[in-house]
$ cat run16.pdb   # PDB, C-alpha atoms and all ligand atoms
MODEL        1
ATOM      1  CA  MET A   1    -284.916  54.507-174.266
ATOM      2  CA  THR A   2    -283.771  52.924-177.476
ATOM      3  CA  ASN A   3    -281.655  49.823-177.917
ATOM      4  CA  ARG A   4    -280.223  49.439-181.416
ATOM      5  CA  ILE A   5    -277.560  46.820-180.739
ATOM      6  CA  PHE A   6    -277.601  43.636-182.806
ATOM      7  CA  THR A   7    -274.761  41.673-181.186
ATOM      8  CA  PRO A   8    -275.475  39.041-179.955
ATOM      9  CA  PHE A   9    -277.778  38.498-182.902
ATOM     10  CA  PRO A  10    -281.455  38.527-181.878
ATOM     11  CA  ILE A  11    -282.922  35.201-183.047
ATOM     12  CA  LEU A  12    -286.734  35.339-183.186
ATOM     13  CA  ASN A  13    -289.138  32.388-183.170
ATOM     14  CA  THR A  14    -292.677  32.078-184.502
ATOM     15  CA  ASP A  15    -295.002  29.052-184.527
ATOM     16  CA  ARG A  16    -293.458  27.655-187.719
ATOM     17  CA  LEU A  17    -290.348  29.742-188.344
ATOM     18  CA  ILE A  18    -286.955  30.692-186.994
ATOM     19  CA  LEU A  19    -285.665  34.168-187.863
ATOM     20  CA  ARG A  20    -281.889  33.869-187.688
ATOM     21  CA  GLN A  21    -278.715  35.570-188.863
ATOM     22  CA  LEU A  22    -277.756  35.308-192.522
ATOM     23  CA  VAL A  23    -274.634  33.144-193.040
ATOM     24  CA  ASN A  24    -272.260  32.567-195.959
ATOM     25  CA  THR A  25    -273.826  29.186-196.745
ATOM     26  CA  ASP A  26    -277.149  30.921-197.532
ATOM     27  CA  ASP A  27    -275.661  32.043-200.862
ATOM     28  CA  ASN A  28    -277.732  29.676-203.065
ATOM     29  CA  GLU A  29    -281.046  30.709-201.502
ATOM     30  CA  ILE A  30    -280.108  34.415-201.514
ATOM     31  CA  PHE A  31    -279.225  34.066-205.185
ATOM     32  CA  ALA A  32    -282.556  32.311-205.830
ATOM     33  CA  LEU A  33    -284.452  35.156-204.117
ATOM     34  CA  ARG A  34    -282.539  38.044-205.640
ATOM     35  CA  SER A  35    -282.529  36.643-209.186
ATOM     36  CA  ASP A  36    -286.210  35.659-209.256
ATOM     37  CA  ASP A  37    -288.284  37.819-211.627
ATOM     38  CA  ASN A  38    -291.415  37.247-209.576
ATOM     39  CA  VAL A  39    -289.765  38.350-206.316
ATOM     40  CA  ASN A  40    -287.987  41.306-207.975
ATOM     41  CA  ARG A  41    -291.039  42.456-209.921
ATOM     42  CA  TYR A  42    -291.965  45.409-207.691
ATOM     43  CA  LEU A  43    -288.699  45.972-205.863
ATOM     44  CA  GLY A  44    -286.897  48.201-208.339
ATOM     45  CA  ARG A  45    -283.539  46.535-207.690
ATOM     46  CA  GLN A  46    -280.892  45.081-209.965
ATOM     47  CA  PRO A  47    -281.400  41.279-210.136
ATOM     48  CA  SER A  48    -278.482  39.176-208.902
ATOM     49  CA  LYS A  49    -276.659  37.784-211.928
ATOM     50  CA  SER A  50    -274.353  35.288-210.275
ATOM     51  CA  ILE A  51    -273.700  33.492-207.040
ATOM     52  CA  GLU A  52    -270.846  35.996-206.540
ATOM     53  CA  ASP A  53    -273.432  38.806-206.323
ATOM     54  CA  ALA A  54    -275.218  36.844-203.611
ATOM     55  CA  LYS A  55    -271.961  36.276-201.704
ATOM     56  CA  SER A  56    -271.133  40.009-201.837
ATOM     57  CA  PHE A  57    -274.643  40.837-200.678
ATOM     58  CA  ILE A  58    -274.321  38.507-197.658
ATOM     59  CA  GLN A  59    -270.983  40.099-196.795
ATOM     60  CA  ALA A  60    -272.436  43.622-196.983
ATOM     61  CA  ILE A  61    -275.421  42.641-194.835
ATOM     62  CA  THR A  62    -273.157  40.993-192.247
ATOM     63  CA  GLU A  63    -271.096  44.205-191.996
ATOM     64  CA  ASN A  64    -274.209  46.371-191.657
ATOM     65  CA  VAL A  65    -275.586  44.195-188.860
ATOM     66  CA  LYS A  66    -272.221  44.235-187.092
ATOM     67  CA  LYS A  67    -272.253  48.069-187.222
ATOM     68  CA  ASN A  68    -275.902  48.139-185.999
ATOM     69  CA  ASP A  69    -276.851  49.983-189.200
ATOM     70  CA  SER A  70    -279.608  47.520-190.006
ATOM     71  CA  ILE A  71    -280.980  44.184-188.849
ATOM     72  CA  TYR A  72    -281.640  41.469-191.397
ATOM     73  CA  TRP A  73    -283.061  38.039-190.646
ATOM     74  CA  ALA A  74    -283.055  34.871-192.743
ATOM     75  CA  ILE A  75    -286.518  33.310-192.464
ATOM     76  CA  SER A  76    -285.958  29.611-191.888
ATOM     77  CA  LEU A  77    -288.546  26.829-192.200
ATOM     78  CA  SER A  78    -287.367  23.373-191.108
ATOM     79  CA  GLY A  79    -283.788  24.485-191.711
ATOM     80  CA  ASN A  80    -284.433  25.941-195.201
ATOM     81  CA  LEU A  81    -284.139  29.653-195.965
ATOM     82  CA  ILE A  82    -287.487  30.615-197.508
ATOM     83  CA  GLY A  83    -287.216  34.407-197.355
ATOM     84  CA  THR A  84    -285.783  37.400-195.552
ATOM     85  CA  ILE A  85    -287.032  40.299-193.466
ATOM     86  CA  CYS A  86    -285.221  43.412-192.296
ATOM     87  CA  LEU A  87    -285.386  46.734-190.483
ATOM     88  CA  PHE A  88    -283.201  49.465-191.975
ATOM     89  CA  GLU A  89    -282.938  53.238-192.566
ATOM     90  CA  PHE A  90    -283.024  53.950-188.842
ATOM     91  CA  SER A  91    -283.446  57.611-187.972
ATOM     92  CA  ASP A  92    -280.580  59.152-185.972
ATOM     93  CA  ASP A  93    -282.664  59.115-182.788
ATOM     94  CA  ASN A  94    -283.681  55.455-183.403
ATOM     95  CA  THR A  95    -287.399  56.218-183.270
ATOM     96  CA  LYS A  96    -288.096  55.437-186.935
ATOM     97  CA  ALA A  97    -287.117  52.640-189.343
ATOM     98  CA  GLU A  98    -288.202  50.961-192.544
ATOM     99  CA  ILE A  99    -289.256  47.320-192.975
ATOM    100  CA  GLY A 100    -288.532  45.112-195.990
ATOM    101  CA  TYR A 101    -289.395  41.468-196.721
ATOM    102  CA  GLU A 102    -289.438  38.826-199.436
ATOM    103  CA  LEU A 103    -290.428  35.166-199.776
ATOM    104  CA  LEU A 104    -289.489  32.595-202.390
ATOM    105  CA  PRO A 105    -292.560  32.151-204.640
ATOM    106  CA  SER A 106    -293.296  28.564-203.575
ATOM    107  CA  TYR A 107    -293.663  29.720-199.951
ATOM    108  CA  GLN A 108    -296.020  32.615-200.675
ATOM    109  CA  GLY A 109    -299.749  32.427-199.898
ATOM    110  CA  LYS A 110    -299.220  30.333-196.760
ATOM    111  CA  GLY A 111    -299.165  33.011-194.079
ATOM    112  CA  PHE A 112    -295.420  32.766-193.401
ATOM    113  CA  MET A 113    -294.714  36.466-193.828
ATOM    114  CA  GLN A 114    -297.518  37.420-191.452
ATOM    115  CA  GLU A 115    -295.837  35.335-188.772
ATOM    116  CA  ALA A 116    -292.450  36.909-189.432
ATOM    117  CA  VAL A 117    -293.765  40.485-189.611
ATOM    118  CA  LEU A 118    -295.592  40.101-186.286
ATOM    119  CA  GLU A 119    -292.340  39.186-184.498
ATOM    120  CA  VAL A 120    -290.271  41.846-186.238
ATOM    121  CA  LEU A 121    -292.776  44.602-185.408
ATOM    122  CA  GLU A 122    -292.761  43.493-181.786
ATOM    123  CA  PHE A 123    -288.935  43.515-181.801
ATOM    124  CA  GLY A 124    -288.832  46.966-183.414
ATOM    125  CA  PHE A 125    -291.327  48.593-181.098
ATOM    126  CA  GLN A 126    -290.604  46.782-177.811
ATOM    127  CA  HIS A 127    -286.901  45.954-178.013
ATOM    128  CA  ILE A 128    -285.400  48.699-180.178
ATOM    129  CA  GLY A 129    -287.876  51.313-178.961
ATOM    130  CA  LEU A 130    -289.124  52.540-182.333
ATOM    131  CA  ASN A 131    -292.166  54.802-182.444
ATOM    132  CA  SER A 132    -292.970  54.189-186.087
ATOM    133  CA  ILE A 133    -292.138  51.765-188.887
ATOM    134  CA  GLU A 134    -292.526  52.575-192.571
ATOM    135  CA  ALA A 135    -292.742  50.438-195.691
ATOM    136  CA  TYR A 136    -292.246  51.628-199.271
ATOM    137  CA  THR A 137    -294.235  49.410-201.572
ATOM    138  CA  HIS A 138    -295.037  49.614-205.261
ATOM    139  CA  SER A 139    -298.609  50.768-205.902
ATOM    140  CA  GLU A 140    -299.320  47.567-207.879
ATOM    141  CA  ASN A 141    -297.801  45.231-205.269
ATOM    142  CA  GLN A 142    -301.075  43.849-203.979
ATOM    143  CA  ASN A 143    -299.617  41.069-201.845
ATOM    144  CA  SER A 144    -297.396  43.489-199.968
ATOM    145  CA  THR A 145    -300.198  46.044-199.607
ATOM    146  CA  LYS A 146    -302.561  43.382-198.208
ATOM    147  CA  LEU A 147    -299.911  42.282-195.743
ATOM    148  CA  LEU A 148    -299.288  45.836-194.505
ATOM    149  CA  GLU A 149    -302.986  46.594-194.182
ATOM    150  CA  LYS A 150    -303.486  43.441-192.072
ATOM    151  CA  PHE A 151    -301.123  45.041-189.546
ATOM    152  CA  ASN A 152    -302.878  48.396-189.747
ATOM    153  CA  PHE A 153    -300.130  50.218-191.633
ATOM    154  CA  LYS A 154    -301.665  53.412-193.026
ATOM    155  CA  LYS A 155    -301.034  54.819-196.477
ATOM    156  CA  GLN A 156    -299.261  58.213-196.266
ATOM    157  CA  LEU A 157    -299.818  61.147-198.545
ATOM    158  CA  SER A 158    -296.932  61.441-200.973
ATOM    159  CA  SER A 159    -294.200  63.787-199.826
ATOM    160  CA  GLU A 160    -290.844  65.184-200.889
ATOM    161  CA  SER A 161    -289.095  62.154-199.396
ATOM    162  CA  ASN A 162    -291.100  59.911-201.695
ATOM    163  CA  SER A 163    -290.060  61.252-205.064
ATOM    164  CA  ASP A 164    -290.914  58.062-207.004
ATOM    165  CA  LYS A 165    -294.693  58.239-207.232
ATOM    166  CA  SER A 166    -295.043  54.579-208.193
ATOM    167  CA  PHE A 167    -294.107  53.714-204.590
ATOM    168  CA  ILE A 168    -296.523  54.243-201.708
ATOM    169  CA  VAL A 169    -295.339  54.924-198.176
ATOM    170  CA  PHE A 170    -297.150  52.980-195.462
ATOM    171  CA  LYS A 171    -296.633  53.816-191.812
ATOM    172  CA  LEU A 172    -297.430  52.048-188.558
ATOM    173  CA  LEU A 173    -297.278  53.886-185.231
ATOM    174  CA  LYS A 174    -296.454  52.069-182.015
TER     175      LYS A 174
HETATM  176  C1  LIG B   1    -294.965  40.536-200.082
HETATM  177  C2  LIG B   1    -294.945  39.043-199.822
HETATM  178  C3  LIG B   1    -293.887  38.692-198.797
HETATM  179  C4  LIG B   1    -296.325  38.610-199.294
HETATM  180  O1  LIG B   1    -296.329  37.201-199.177
HETATM  181  P1  LIG B   1    -297.677  36.411-198.875
HETATM  182  O2  LIG B   1    -297.366  34.979-198.941
HETATM  183  O3  LIG B   1    -298.772  36.950-199.725
HETATM  184  O4  LIG B   1    -297.993  36.849-197.374
HETATM  185  P2  LIG B   1    -298.247  35.910-196.155
HETATM  186  O5  LIG B   1    -297.091  35.007-195.948
HETATM  187  O6  LIG B   1    -298.603  36.777-195.033
HETATM  188  O7  LIG B   1    -299.468  35.018-196.619
HETATM  189  C5  LIG B   1    -300.761  35.583-196.741
HETATM  190  C6  LIG B   1    -301.593  34.698-197.609
HETATM  191  O8  LIG B   1    -301.497  33.337-197.172
HETATM  192  C7  LIG B   1    -302.837  32.803-196.935
HETATM  193  N1  LIG B   1    -302.674  31.774-195.894
HETATM  194  C8  LIG B   1    -302.614  30.443-196.139
HETATM  195  N2  LIG B   1    -302.380  29.780-195.020
HETATM  196  C9  LIG B   1    -302.309  30.690-194.018
HETATM  197  C10 LIG B   1    -302.081  30.600-192.620
HETATM  198  N3  LIG B   1    -301.855  29.428-192.023
HETATM  199  N4  LIG B   1    -302.061  31.734-191.902
HETATM  200  C11 LIG B   1    -302.256  32.925-192.471
HETATM  201  N5  LIG B   1    -302.475  33.079-193.805
HETATM  202  C12 LIG B   1    -302.494  31.960-194.568
HETATM  203  C13 LIG B   1    -303.626  34.026-196.571
HETATM  204  O9  LIG B   1    -305.002  33.828-196.786
HETATM  205  C14 LIG B   1    -303.056  35.056-197.545
HETATM  206  O10 LIG B   1    -303.565  34.831-198.822
HETATM  207  P3  LIG B   1    -304.337  35.983-199.622
HETATM  208  O11 LIG B   1    -303.297  37.062-199.837
HETATM  209  O12 LIG B   1    -304.769  35.328-200.876
HETATM  210  O13 LIG B   1    -305.409  36.443-198.723
HETATM  211  C15 LIG B   1    -294.675  38.239-201.141
HETATM  212  O14 LIG B   1    -295.660  38.567-202.086
HETATM  213  C16 LIG B   1    -293.290  38.550-201.737
HETATM  214  O15 LIG B   1    -292.280  38.002-201.289
HETATM  215  N6  LIG B   1    -293.247  39.402-202.767
HETATM  216  C17 LIG B   1    -291.986  39.714-203.416
HETATM  217  C18 LIG B   1    -291.139  40.670-202.596
HETATM  218  C19 LIG B   1    -291.873  41.964-202.299
HETATM  219  O16 LIG B   1    -292.569  42.491-203.153
HETATM  220  N7  LIG B   1    -291.677  42.500-201.098
HETATM  221  C20 LIG B   1    -292.312  43.713-200.663
HETATM  222  C21 LIG B   1    -291.323  44.741-200.348
HETATM  223  S1  LIG B   1    -292.097  46.259-199.841
ENDMDL
END

$ encode --input "run16.pdb" --output "C-alpha cells" --more "lines below"
Ligand SMILES: CC(C)(COP(=O)(O)OP(=O)(O)OC[C@H]1O[C@@H](n2cnc3c(N)ncnc32)[C@H](O)[C@@H]1OP(=O)(O)O)[C@@H](O)C(=O)NCCC(=O)NCCS
Amino acid sequence: MTNRIFTPFPILNTDRLILRQLVNTDDNEIFALRSDDNVNRYLGRQPSKSIEDAKSFIQAITENVKKNDSIYWAISLSGNLIGTICLFEFSDDNTKAEIGYELLPSYQGKGFMQEAVLEVLEFGFQHIGLNSIEAYTHSENQNSTKLLEKFNFKKQLSSESNSDKSFIVFKLLK
C-alpha cells in the first residue's frame, strides 16, 4: 500500500527542528540558499539571480506539493529557515523516489541535516510506502557523500539513467 498524498501537509519534528511547508514569506531565505555559491557548488543548477526567482520557485514547489508530485519541507530552527529537504521523482507505482537537501553554510557541520534526513526517510518508507530512495550527488561532494553513507546508502554502478558521470547514484533500500 502506498500513500502519496501531501494534503494536509505532513509537518515533521526532530529534536531541534521543525520540517514544515514552504510559504511565500520564505523568499529571502530561499534566495539566500539558491544564490549561494557554496550551496550551489555541486548541484549543477542555475543560481537564483533575484528575489523574483525565489518567489517563482516557491510558487512552483507549492503547486507540485498540491499535485502530490513531490514533497518539499522547509527546515526550521527556532522559527528560521536554515535549509530544505525534499522527496521527488516518484516512480509511477510510488515505490521509488529521490531525496534532495541543502543547508545554509552557517548551519552546516552541526548535525542538522542528519536529524532531518532521519525523519524524511522514515516518512518515505513508513508513510508513503517507498521501497527505495535514491540520491544523485556529485563525486566531489564529500559532505553529501558522508551524510548518505551514515544512513547506509550504497553507491550504485553507473547506468544509462545516470548519463552525467560526475554524479554518483546512491540508493537505500527499505
Ligand atoms: C550536504 C549537506 C546538507 C551536509 O551538511 P552537513 O552539515 O555536513 O551535515 P549534517 O547536518 O548531518 O552535519 C554533520 C556534521 O556535523 C557534525 N556535528 C556537529 N554537531 C553534531 C550533532 N549534534 N549531531 C550530529 N553531528 C554533529 C558532524 O560531526 C558532521 O561533521 P563532519 O562531516 O565533519 O563529520 C551540506 O553540505 C549542504 O547543504 N551542501 C550544499 C547542498 C548540497 O550539496 N546538497 C546535496 C544534494 S545531493

$ resolve_selection --input "run16.pdb" --expression "the PyMOL selection byres (((not hetatm)) within 10 of (chain B and resi 1))" --output "count of residues only"
57

$ closest_atom_pairs --input "run16.pdb" --of "region 71-110 of chain A" --to "region 49-64 of chain A" --cutoff "12 Å" --atoms "only C-alpha atoms" --output "tab-separated table"
residue	atom	partner	partner_atom	distance
A:Ile71	CA	A:Asn64	CA	7.6
A:Tyr72	CA	A:Ile61	CA	7.2
A:Trp73	CA	A:Ile61	CA	9.9
A:Ala74	CA	A:Ile58	CA	10.7
A:Thr84	CA	A:Ile61	CA	11.6
A:Ile85	CA	A:Ile61	CA	11.9
A:Cys86	CA	A:Ile61	CA	10.2
A:Leu87	CA	A:Asn64	CA	11.2
A:Phe88	CA	A:Asn64	CA	9.5
A:Glu89	CA	A:Asn64	CA	11.1
A:Phe90	CA	A:Asn64	CA	12.0

$ write_last_selection --input "run16.pdb" --atoms "C-alpha atoms" --output "mmCIF file, in the coordinates of the input"
data_model
loop_
_atom_site.group_PDB
_atom_site.id
_atom_site.type_symbol
_atom_site.label_atom_id
_atom_site.label_comp_id
_atom_site.auth_asym_id
_atom_site.auth_seq_id
_atom_site.Cartn_x
_atom_site.Cartn_y
_atom_site.Cartn_z
ATOM 1 C CA ILE A 71 -280.980 44.184 -188.849
ATOM 2 C CA TYR A 72 -281.640 41.469 -191.397
ATOM 3 C CA TRP A 73 -283.061 38.039 -190.646
ATOM 4 C CA ALA A 74 -283.055 34.871 -192.743
ATOM 5 C CA THR A 84 -285.783 37.400 -195.552
ATOM 6 C CA ILE A 85 -287.032 40.299 -193.466
ATOM 7 C CA CYS A 86 -285.221 43.412 -192.296
ATOM 8 C CA LEU A 87 -285.386 46.734 -190.483
ATOM 9 C CA PHE A 88 -283.201 49.465 -191.975
ATOM 10 C CA GLU A 89 -282.938 53.238 -192.566
ATOM 11 C CA PHE A 90 -283.024 53.950 -188.842
#

$ closest_residue --input "run16.pdb" --among "A:Ser70, A:Thr95, A:Ser132, A:Ser76" --to "Lys174 (chain A)" --atoms "all atoms listed in the file"
A:Ser132

$ atom_distance --input "run16.pdb" --atom1 "CA of Pro8 (chain A)" --atom2 "CA of Lys66 (chain A)"
9.4 Å

$ atom_distance --input "run16.pdb" --atom1 "CA of Leu77 (chain A)" --atom2 "CA of Ile11 (chain A)"
13.6 Å

$ resolve_selection --input "run16.pdb" --expression "the PyMOL selection byres (((chain A and resi 172) around 6) and not hetatm)" --output "list in words"
Ser132, Ile133, Phe153, Lys171 and Leu173 of chain A

$ closest_residue --input "run16.pdb" --among "A:Ile128, A:Leu81, A:Leu12, A:Ile5" --to "Val65 (chain A)" --atoms "all atoms listed in the file"
A:Ile5

$ atom_distance --input "run16.pdb" --atom1 "CA of Ser35 (chain A)" --atom2 "CA of Gln21 (chain A)"
20.7 Å

$ closest_residue --input "run16.pdb" --among "A:Pro47, A:Asp26, A:Glu149, A:Ala97" --to "Asp69 (chain A)" --atoms "all atoms listed in the file"
A:Ala97

$ resolve_selection --input "run16.pdb" --expression "the PyMOL selection byres (((chain A and resi 2) around 12) and not hetatm)" --output "list in words"
Met1, Asn3, Arg4, Ile5, Phe90, Ser91, Asp92, Asp93, Asn94, Thr95, Lys96, Phe123, Gly124, Phe125, Gln126, His127, Ile128, Gly129, Leu130 and Asn131 of chain A

$ write_last_selection --input "run16.pdb" --atoms "C-alpha atoms" --output "PDB file, in the frame of the given file"
ATOM      1  CA  MET A   1    -284.916  54.507-174.266  1.00  0.00           C
ATOM      2  CA  ASN A   3    -281.655  49.823-177.917  1.00  0.00           C
ATOM      3  CA  ARG A   4    -280.223  49.439-181.416  1.00  0.00           C
ATOM      4  CA  ILE A   5    -277.560  46.820-180.739  1.00  0.00           C
ATOM      5  CA  PHE A  90    -283.024  53.950-188.842  1.00  0.00           C
ATOM      6  CA  SER A  91    -283.446  57.611-187.972  1.00  0.00           C
ATOM      7  CA  ASP A  92    -280.580  59.152-185.972  1.00  0.00           C
ATOM      8  CA  ASP A  93    -282.664  59.115-182.788  1.00  0.00           C
ATOM      9  CA  ASN A  94    -283.681  55.455-183.403  1.00  0.00           C
ATOM     10  CA  THR A  95    -287.399  56.218-183.270  1.00  0.00           C
ATOM     11  CA  LYS A  96    -288.096  55.437-186.935  1.00  0.00           C
ATOM     12  CA  PHE A 123    -288.935  43.515-181.801  1.00  0.00           C
ATOM     13  CA  GLY A 124    -288.832  46.966-183.414  1.00  0.00           C
ATOM     14  CA  PHE A 125    -291.327  48.593-181.098  1.00  0.00           C
ATOM     15  CA  GLN A 126    -290.604  46.782-177.811  1.00  0.00           C
ATOM     16  CA  HIS A 127    -286.901  45.954-178.013  1.00  0.00           C
ATOM     17  CA  ILE A 128    -285.400  48.699-180.178  1.00  0.00           C
ATOM     18  CA  GLY A 129    -287.876  51.313-178.961  1.00  0.00           C
ATOM     19  CA  LEU A 130    -289.124  52.540-182.333  1.00  0.00           C
ATOM     20  CA  ASN A 131    -292.166  54.802-182.444  1.00  0.00           C
TER      21      ASN A 131
END

$ closest_residue --input "run16.pdb" --among "A:Asn152, A:Gln46, A:Thr7, A:Ser166" --to "Lys67 (chain A)" --atoms "all atoms listed in the file"
A:Thr7
